[in-house]
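Following: one structure in C-alpha cells, then a few remarks.
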Amino acid sequence: MADYAIQRRMMVDGQIRPADVTDRSILQAMLEIPRERFLPPEQAQLAYLDLDLPVGRGGRRLLRPMVLAKMLQALEVSTEDTVLDVGCAGGYAAAVLASLGKAVFALEEEPRLAAHAKGALADLPNVKVVEGKLTDGYAAQAPYDAILLEGATEQEPEALCRQLADRGRLVCISGDGPAAKVVVFRRDGEDVTPRVVFDAAGTV
C-alpha cells in the first residue's frame, strides 16, 4: 500500500518549494489534499510524480503539481474571492482553490470527468461542479474575482475575461511547446491586460 502522505511531503519539498512557491496556504493545501483521490484508480500511483497526466479527450493533461502551484500563486486568491476553475477534470485544483477562496465553481465539459469531480468534491461545501463548454465559462455566477484555466490556449480567452470582476485575474498557459508561457490577465474597468509570469515550456 502506497504511503501517499509521504509522497505528498516529497512532492511539496522536492517539486513545489524549489520552484519559488512561497504562499503558505498553497503549500499547506497541497500537503493535506490527497491528489490520488482525484485521479482514476489506475493512475493513483502516478499522482505525485513530476509530470503531466493524460486526462479526458483531445490530449488534455492534468498539470504537473509544480506548474499548478505556480499558477495558483500567480492568481493571488484571497479568502473572500469567488473563483471559476475551467477544465476541472477530476477536481484536484478545485479542492486546492476551495481552501484558498470563498466559493469555487468547477467547470467541466466531459460528463465522465464531471461525475468523478462531483464525487471527489462532495465533502467540500464551498465547491460546486457544473457542466458546460469550457470556452464559454460559466456566466451564471459571474463576475469572478479569479479564474483558473487548466491547460493551454492558443488565443486570448476573451469570453472568460469578460466574466472577470473589476480587478479580477485569470491565469492560463498561452501557447504550446517551447513558446508556452503562463500569463495572468487582469481586468481594470473595461481594460484587460496580460502579463507573462513564467515560462511553461514543456509543461503541456
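Ordering of the C-alpha cells sets the chain letters (A, B, ...), residue numbers begin anew at 1 in every chain, and ligands are numbered from 1 in the order given.
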Sel. of alpha helix (DSSP H) residues, stretch 13-203 of chain A, as an MDAnalysis selection string: chainID A and resid 24:32 65:75 92:100 111:120 158:161
Atoms to include: N, CA and C atoms. Write the selected residues as a CSV table (one decimal), in the first residue's frame.
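Listing of result.csv after writing:
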chain,number,residue,atom,x,y,z
A,24,ARG,N,2.0,30.2,1.8
A,24,ARG,CA,1.9,29.1,2.8
A,24,ARG,C,0.5,28.4,2.7
A,25,SER,N,-0.5,29.1,2.3
A,25,SER,CA,-1.8,28.5,2.1
A,25,SER,C,-1.8,27.4,1.0
A,26,ILE,N,-1.1,27.7,-0.1
A,26,ILE,CA,-1.0,26.8,-1.2
A,26,ILE,C,-0.2,25.6,-0.7
A,27,LEU,N,1.0,25.8,-0.1
A,27,LEU,CA,1.8,24.7,0.4
A,27,LEU,C,1.1,23.8,1.3
A,28,GLN,N,0.3,24.4,2.3
A,28,GLN,CA,-0.4,23.6,3.2
A,28,GLN,C,-1.5,22.8,2.6
A,29,ALA,N,-2.2,23.4,1.6
A,29,ALA,CA,-3.3,22.7,0.9
A,29,ALA,C,-2.7,21.5,0.2
A,30,MET,N,-1.6,21.7,-0.5
A,30,MET,CA,-1.0,20.6,-1.3
A,30,MET,C,-0.4,19.5,-0.4
A,31,LEU,N,0.0,19.9,0.8
A,31,LEU,CA,0.4,18.9,1.8
A,31,LEU,C,-0.7,18.0,2.3
A,32,GLU,N,-1.9,18.6,2.4
A,32,GLU,CA,-3.0,17.9,3.0
A,32,GLU,C,-4.0,17.2,2.1
A,65,PRO,N,2.2,19.1,-10.6
A,65,PRO,CA,1.9,19.8,-9.4
A,65,PRO,C,2.7,21.1,-9.3
A,66,MET,N,3.9,21.2,-9.7
A,66,MET,CA,4.7,22.4,-9.6
A,66,MET,C,4.1,23.5,-10.5
A,67,VAL,N,3.7,23.2,-11.7
A,67,VAL,CA,3.1,24.2,-12.5
A,67,VAL,C,1.8,24.7,-12.0
A,68,LEU,N,1.0,23.8,-11.5
A,68,LEU,CA,-0.3,24.2,-10.9
A,68,LEU,C,-0.1,25.1,-9.7
A,69,ALA,N,0.9,24.8,-8.8
A,69,ALA,CA,1.2,25.6,-7.7
A,69,ALA,C,1.6,27.0,-8.1
A,70,LYS,N,2.5,27.1,-9.1
A,70,LYS,CA,3.0,28.4,-9.5
A,70,LYS,C,1.8,29.2,-10.1
A,71,MET,N,0.9,28.5,-10.9
A,71,MET,CA,-0.2,29.3,-11.4
A,71,MET,C,-1.1,29.8,-10.3
A,72,LEU,N,-1.4,28.9,-9.3
A,72,LEU,CA,-2.2,29.4,-8.2
A,72,LEU,C,-1.6,30.5,-7.4
A,73,GLN,N,-0.3,30.5,-7.3
A,73,GLN,CA,0.4,31.6,-6.6
A,73,GLN,C,0.2,32.9,-7.4
A,74,ALA,N,0.3,32.8,-8.7
A,74,ALA,CA,0.2,34.0,-9.6
A,74,ALA,C,-1.3,34.5,-9.6
A,75,LEU,N,-2.2,33.6,-9.3
A,75,LEU,CA,-3.6,34.0,-9.3
A,75,LEU,C,-4.0,34.9,-8.1
A,92,TYR,N,-9.0,18.2,-8.6
A,92,TYR,CA,-7.9,18.4,-7.6
A,92,TYR,C,-7.7,19.9,-7.4
A,93,ALA,N,-7.5,20.7,-8.5
A,93,ALA,CA,-7.3,22.1,-8.4
A,93,ALA,C,-8.4,22.8,-7.7
A,94,ALA,N,-9.7,22.4,-8.0
A,94,ALA,CA,-10.8,23.0,-7.3
A,94,ALA,C,-10.8,22.8,-5.8
A,95,ALA,N,-10.3,21.6,-5.4
A,95,ALA,CA,-10.1,21.3,-4.0
A,95,ALA,C,-9.1,22.3,-3.3
A,96,VAL,N,-8.0,22.5,-4.0
A,96,VAL,CA,-7.0,23.4,-3.5
A,96,VAL,C,-7.5,24.8,-3.5
A,97,LEU,N,-8.2,25.2,-4.5
A,97,LEU,CA,-8.8,26.6,-4.6
A,97,LEU,C,-9.9,26.7,-3.5
A,98,ALA,N,-10.6,25.7,-3.1
A,98,ALA,CA,-11.6,25.8,-2.1
A,98,ALA,C,-11.0,26.1,-0.7
A,99,SER,N,-9.7,25.7,-0.5
A,99,SER,CA,-9.0,26.1,0.7
A,99,SER,C,-8.5,27.5,0.7
A,100,LEU,N,-8.5,28.1,-0.5
A,100,LEU,CA,-7.9,29.5,-0.6
A,100,LEU,C,-9.0,30.5,-0.7
A,111,PRO,N,-18.8,14.6,-19.3
A,111,PRO,CA,-19.6,14.1,-18.3
A,111,PRO,C,-18.9,13.1,-17.3
A,112,ARG,N,-18.0,12.2,-17.9
A,112,ARG,CA,-17.4,11.3,-17.0
A,112,ARG,C,-16.5,12.0,-16.0
A,113,LEU,N,-15.7,13.0,-16.5
A,113,LEU,CA,-14.9,13.7,-15.6
A,113,LEU,C,-15.7,14.5,-14.5
A,114,ALA,N,-16.7,15.1,-15.0
A,114,ALA,CA,-17.6,15.9,-14.1
A,114,ALA,C,-18.2,15.0,-13.0
A,115,ALA,N,-18.6,13.8,-13.4
A,115,ALA,CA,-19.1,12.9,-12.4
A,115,ALA,C,-18.1,12.5,-11.3
A,116,HIS,N,-16.9,12.3,-11.8
A,116,HIS,CA,-15.8,11.9,-10.9
A,116,HIS,C,-15.5,13.1,-9.9
A,117,ALA,N,-15.5,14.3,-10.5
A,117,ALA,CA,-15.2,15.5,-9.7
A,117,ALA,C,-16.3,15.7,-8.6
A,118,LYS,N,-17.6,15.5,-9.0
A,118,LYS,CA,-18.7,15.7,-8.1
A,118,LYS,C,-18.5,14.7,-6.9
A,119,GLY,N,-18.1,13.5,-7.1
A,119,GLY,CA,-17.9,12.5,-6.1
A,119,GLY,C,-16.7,12.9,-5.2
A,120,ALA,N,-15.6,13.3,-5.8
A,120,ALA,CA,-14.4,13.6,-5.1
A,120,ALA,C,-14.5,14.9,-4.3
A,158,GLU,N,-11.0,35.5,-24.5
A,158,GLU,CA,-11.8,36.7,-24.3
A,158,GLU,C,-13.1,36.5,-23.6
A,159,ALA,N,-13.8,35.4,-23.9
A,159,ALA,CA,-15.1,35.1,-23.3
A,159,ALA,C,-15.0,34.9,-21.8
A,160,LEU,N,-13.9,34.3,-21.4
A,160,LEU,CA,-13.6,34.1,-19.9
A,160,LEU,C,-13.2,35.4,-19.3
A,161,CYS,N,-12.4,36.2,-20.0
A,161,CYS,CA,-12.0,37.5,-19.4
A,161,CYS,C,-13.2,38.4,-19.2
DSSP strand (DSSP E or B) selection over chain A, as a VMD selection string: chain A and resid 53 to 54 61 to 62 82 to 86 103 to 108 127 to 131 144 to 153 164 to 174 181 to 188 191 to 199
Polymer residues at most 10 Å from stretch 146-150 of chain A, only C-alpha atoms, same-chain spacing of 4 or more positions, as a PyMOL selection string: chain A and resi 60-63+68+71-72+75-78+81-89+93-94+97+101+104-107+134-135+137+157+160-161+163-165+167-173+184-186
Write a file of the just-selected residues containing N, CA and C atoms, as a CSV table (one decimal), in the first residue's frame.
chain,number,residue,atom,x,y,z
A,60,ARG,N,-5.9,16.4,-23.5
A,60,ARG,CA,-5.9,17.2,-22.3
A,60,ARG,C,-5.0,16.5,-21.2
A,61,ARG,N,-4.4,17.3,-20.4
A,61,ARG,CA,-3.5,16.9,-19.4
A,61,ARG,C,-3.8,17.5,-18.0
A,62,LEU,N,-3.6,16.7,-17.0
A,62,LEU,CA,-3.6,17.2,-15.6
A,62,LEU,C,-2.3,17.8,-15.4
A,63,LEU,N,-2.2,19.1,-15.0
A,63,LEU,CA,-1.0,19.8,-14.9
A,63,LEU,C,-0.1,19.2,-13.8
A,68,LEU,N,1.0,23.8,-11.5
A,68,LEU,CA,-0.3,24.2,-10.9
A,68,LEU,C,-0.1,25.1,-9.7
A,71,MET,N,0.9,28.5,-10.9
A,71,MET,CA,-0.2,29.3,-11.4
A,71,MET,C,-1.1,29.8,-10.3
A,72,LEU,N,-1.4,28.9,-9.3
A,72,LEU,CA,-2.2,29.4,-8.2
A,72,LEU,C,-1.6,30.5,-7.4
A,75,LEU,N,-2.2,33.6,-9.3
A,75,LEU,CA,-3.6,34.0,-9.3
A,75,LEU,C,-4.0,34.9,-8.1
A,76,GLU,N,-3.2,34.7,-7.0
A,76,GLU,CA,-3.4,35.6,-5.8
A,76,GLU,C,-4.8,35.5,-5.2
A,77,VAL,N,-5.3,34.3,-5.0
A,77,VAL,CA,-6.7,34.1,-4.5
A,77,VAL,C,-6.7,34.5,-3.0
A,78,SER,N,-7.7,35.3,-2.6
A,78,SER,CA,-7.9,35.7,-1.2
A,78,SER,C,-9.1,35.0,-0.7
A,81,ASP,N,-12.6,35.6,-2.2
A,81,ASP,CA,-12.8,35.5,-3.7
A,81,ASP,C,-13.7,34.4,-4.1
A,82,THR,N,-14.5,34.7,-5.2
A,82,THR,CA,-15.3,33.7,-5.9
A,82,THR,C,-14.5,33.3,-7.1
A,83,VAL,N,-14.3,32.0,-7.3
A,83,VAL,CA,-13.3,31.5,-8.3
A,83,VAL,C,-14.0,30.6,-9.3
A,84,LEU,N,-13.6,30.7,-10.5
A,84,LEU,CA,-14.0,29.7,-11.5
A,84,LEU,C,-12.8,28.9,-12.0
A,85,ASP,N,-13.0,27.6,-11.9
A,85,ASP,CA,-11.9,26.6,-12.3
A,85,ASP,C,-12.4,26.0,-13.6
A,86,VAL,N,-11.8,26.4,-14.7
A,86,VAL,CA,-12.2,25.9,-16.0
A,86,VAL,C,-11.4,24.7,-16.5
A,87,GLY,N,-12.1,23.6,-16.7
A,87,GLY,CA,-11.5,22.4,-17.0
A,87,GLY,C,-11.0,21.6,-15.8
A,88,CYS,N,-11.9,21.4,-14.9
A,88,CYS,CA,-11.5,20.9,-13.5
A,88,CYS,C,-11.1,19.5,-13.5
A,89,ALA,N,-11.5,18.7,-14.6
A,89,ALA,CA,-11.2,17.3,-14.7
A,89,ALA,C,-11.7,16.6,-13.5
A,93,ALA,N,-7.5,20.7,-8.5
A,93,ALA,CA,-7.3,22.1,-8.4
A,93,ALA,C,-8.4,22.8,-7.7
A,94,ALA,N,-9.7,22.4,-8.0
A,94,ALA,CA,-10.8,23.0,-7.3
A,94,ALA,C,-10.8,22.8,-5.8
A,97,LEU,N,-8.2,25.2,-4.5
A,97,LEU,CA,-8.8,26.6,-4.6
A,97,LEU,C,-9.9,26.7,-3.5
A,101,GLY,N,-10.1,30.3,-1.4
A,101,GLY,CA,-11.1,31.3,-1.6
A,101,GLY,C,-12.4,31.0,-0.9
A,104,VAL,N,-16.0,28.3,-5.0
A,104,VAL,CA,-15.4,27.8,-6.3
A,104,VAL,C,-16.5,27.1,-7.1
A,105,PHE,N,-16.5,27.5,-8.4
A,105,PHE,CA,-17.3,26.8,-9.4
A,105,PHE,C,-16.4,26.1,-10.3
A,106,ALA,N,-16.5,24.8,-10.4
A,106,ALA,CA,-15.6,23.9,-11.1
A,106,ALA,C,-16.3,23.5,-12.4
A,107,LEU,N,-15.8,24.0,-13.5
A,107,LEU,CA,-16.5,23.7,-14.8
A,107,LEU,C,-15.8,22.6,-15.6
A,134,LEU,N,-16.1,24.5,-22.0
A,134,LEU,CA,-15.1,25.2,-21.3
A,134,LEU,C,-14.9,26.6,-21.8
A,135,THR,N,-14.9,26.8,-23.2
A,135,THR,CA,-14.6,28.1,-23.7
A,135,THR,C,-15.7,29.1,-23.4
A,137,GLY,N,-17.1,29.4,-20.4
A,137,GLY,CA,-17.1,29.7,-19.0
A,137,GLY,C,-18.4,29.4,-18.3
A,157,PRO,N,-8.3,34.3,-24.0
A,157,PRO,CA,-9.6,33.7,-23.7
A,157,PRO,C,-10.6,34.9,-23.4
A,160,LEU,N,-13.9,34.3,-21.4
A,160,LEU,CA,-13.6,34.1,-19.9
A,160,LEU,C,-13.2,35.4,-19.3
A,161,CYS,N,-12.4,36.2,-20.0
A,161,CYS,CA,-12.0,37.5,-19.4
A,161,CYS,C,-13.2,38.4,-19.2
A,163,GLN,N,-15.9,37.6,-18.0
A,163,GLN,CA,-16.6,37.1,-16.8
A,163,GLN,C,-15.8,37.5,-15.5
A,164,LEU,N,-14.7,38.3,-15.7
A,164,LEU,CA,-13.9,38.7,-14.5
A,164,LEU,C,-14.6,40.0,-13.9
A,165,ALA,N,-14.5,40.0,-12.6
A,165,ALA,CA,-14.9,41.3,-11.9
A,165,ALA,C,-13.8,42.3,-12.1
A,167,ARG,N,-10.7,44.3,-11.4
A,167,ARG,CA,-9.5,43.9,-10.7
A,167,ARG,C,-9.4,42.4,-10.5
A,168,GLY,N,-10.2,41.6,-11.3
A,168,GLY,CA,-10.2,40.2,-11.3
A,168,GLY,C,-9.0,39.7,-12.1
A,169,ARG,N,-8.6,38.5,-11.9
A,169,ARG,CA,-7.4,37.9,-12.5
A,169,ARG,C,-7.8,36.5,-13.2
A,170,LEU,N,-7.2,36.3,-14.3
A,170,LEU,CA,-7.3,35.0,-15.0
A,170,LEU,C,-5.9,34.5,-15.3
A,171,VAL,N,-5.6,33.2,-15.0
A,171,VAL,CA,-4.3,32.7,-15.3
A,171,VAL,C,-4.5,31.5,-16.2
A,172,CYS,N,-3.6,31.4,-17.2
A,172,CYS,CA,-3.7,30.3,-18.1
A,172,CYS,C,-2.3,30.1,-18.7
A,173,ILE,N,-2.1,29.0,-19.5
A,173,ILE,CA,-0.9,28.7,-20.3
A,173,ILE,C,-1.2,29.2,-21.7
A,184,VAL,N,-1.0,35.9,-16.8
A,184,VAL,CA,-2.1,36.4,-16.0
A,184,VAL,C,-2.8,37.6,-16.7
A,185,PHE,N,-4.1,37.5,-16.9
A,185,PHE,CA,-4.9,38.6,-17.4
A,185,PHE,C,-5.6,39.3,-16.3
A,186,ARG,N,-5.4,40.6,-16.2
A,186,ARG,CA,-6.0,41.4,-15.1
A,186,ARG,C,-7.0,42.4,-15.6
Separation of atom CA of A:Ala152 from atom CA of A:Glu131 in Å: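 So the answer is 19.5 Å.
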Surrounding residues of A:Asp176 excluding itself and chain neighbours under 2 positions, 7 Å, only C-alpha atoms, as a PyMOL selection string: chain A and resi 152+174+178-180+204
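Going from atom CA of A:Val21 over to atom CA of A:Asp50, you cover 15.2 Å.
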Shell of 8 Å around A:Phe198, only C-alpha atoms, local chain residues under 3 positions omitted, as JSON, numbers by chain: {"A": [181, 182, 183]}
Could you write those residues out with N, CA and C atoms, as a compact mmCIF listing (two decimals), in the first residue's frame?
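Okay, part-v4.txt is ready:
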# COMPACT_ATOMS: atom_id res chain seq x y z
N LYS A 181 3.92 29.97 -22.32
CA LYS A 181 4.13 30.87 -21.18
C LYS A 181 2.88 30.85 -20.30
N VAL A 182 3.06 31.01 -19.01
CA VAL A 182 1.93 31.22 -18.12
C VAL A 182 1.67 32.72 -18.06
N VAL A 183 0.42 33.10 -18.33
CA VAL A 183 0.04 34.51 -18.45
C VAL A 183 -1.09 34.80 -17.46
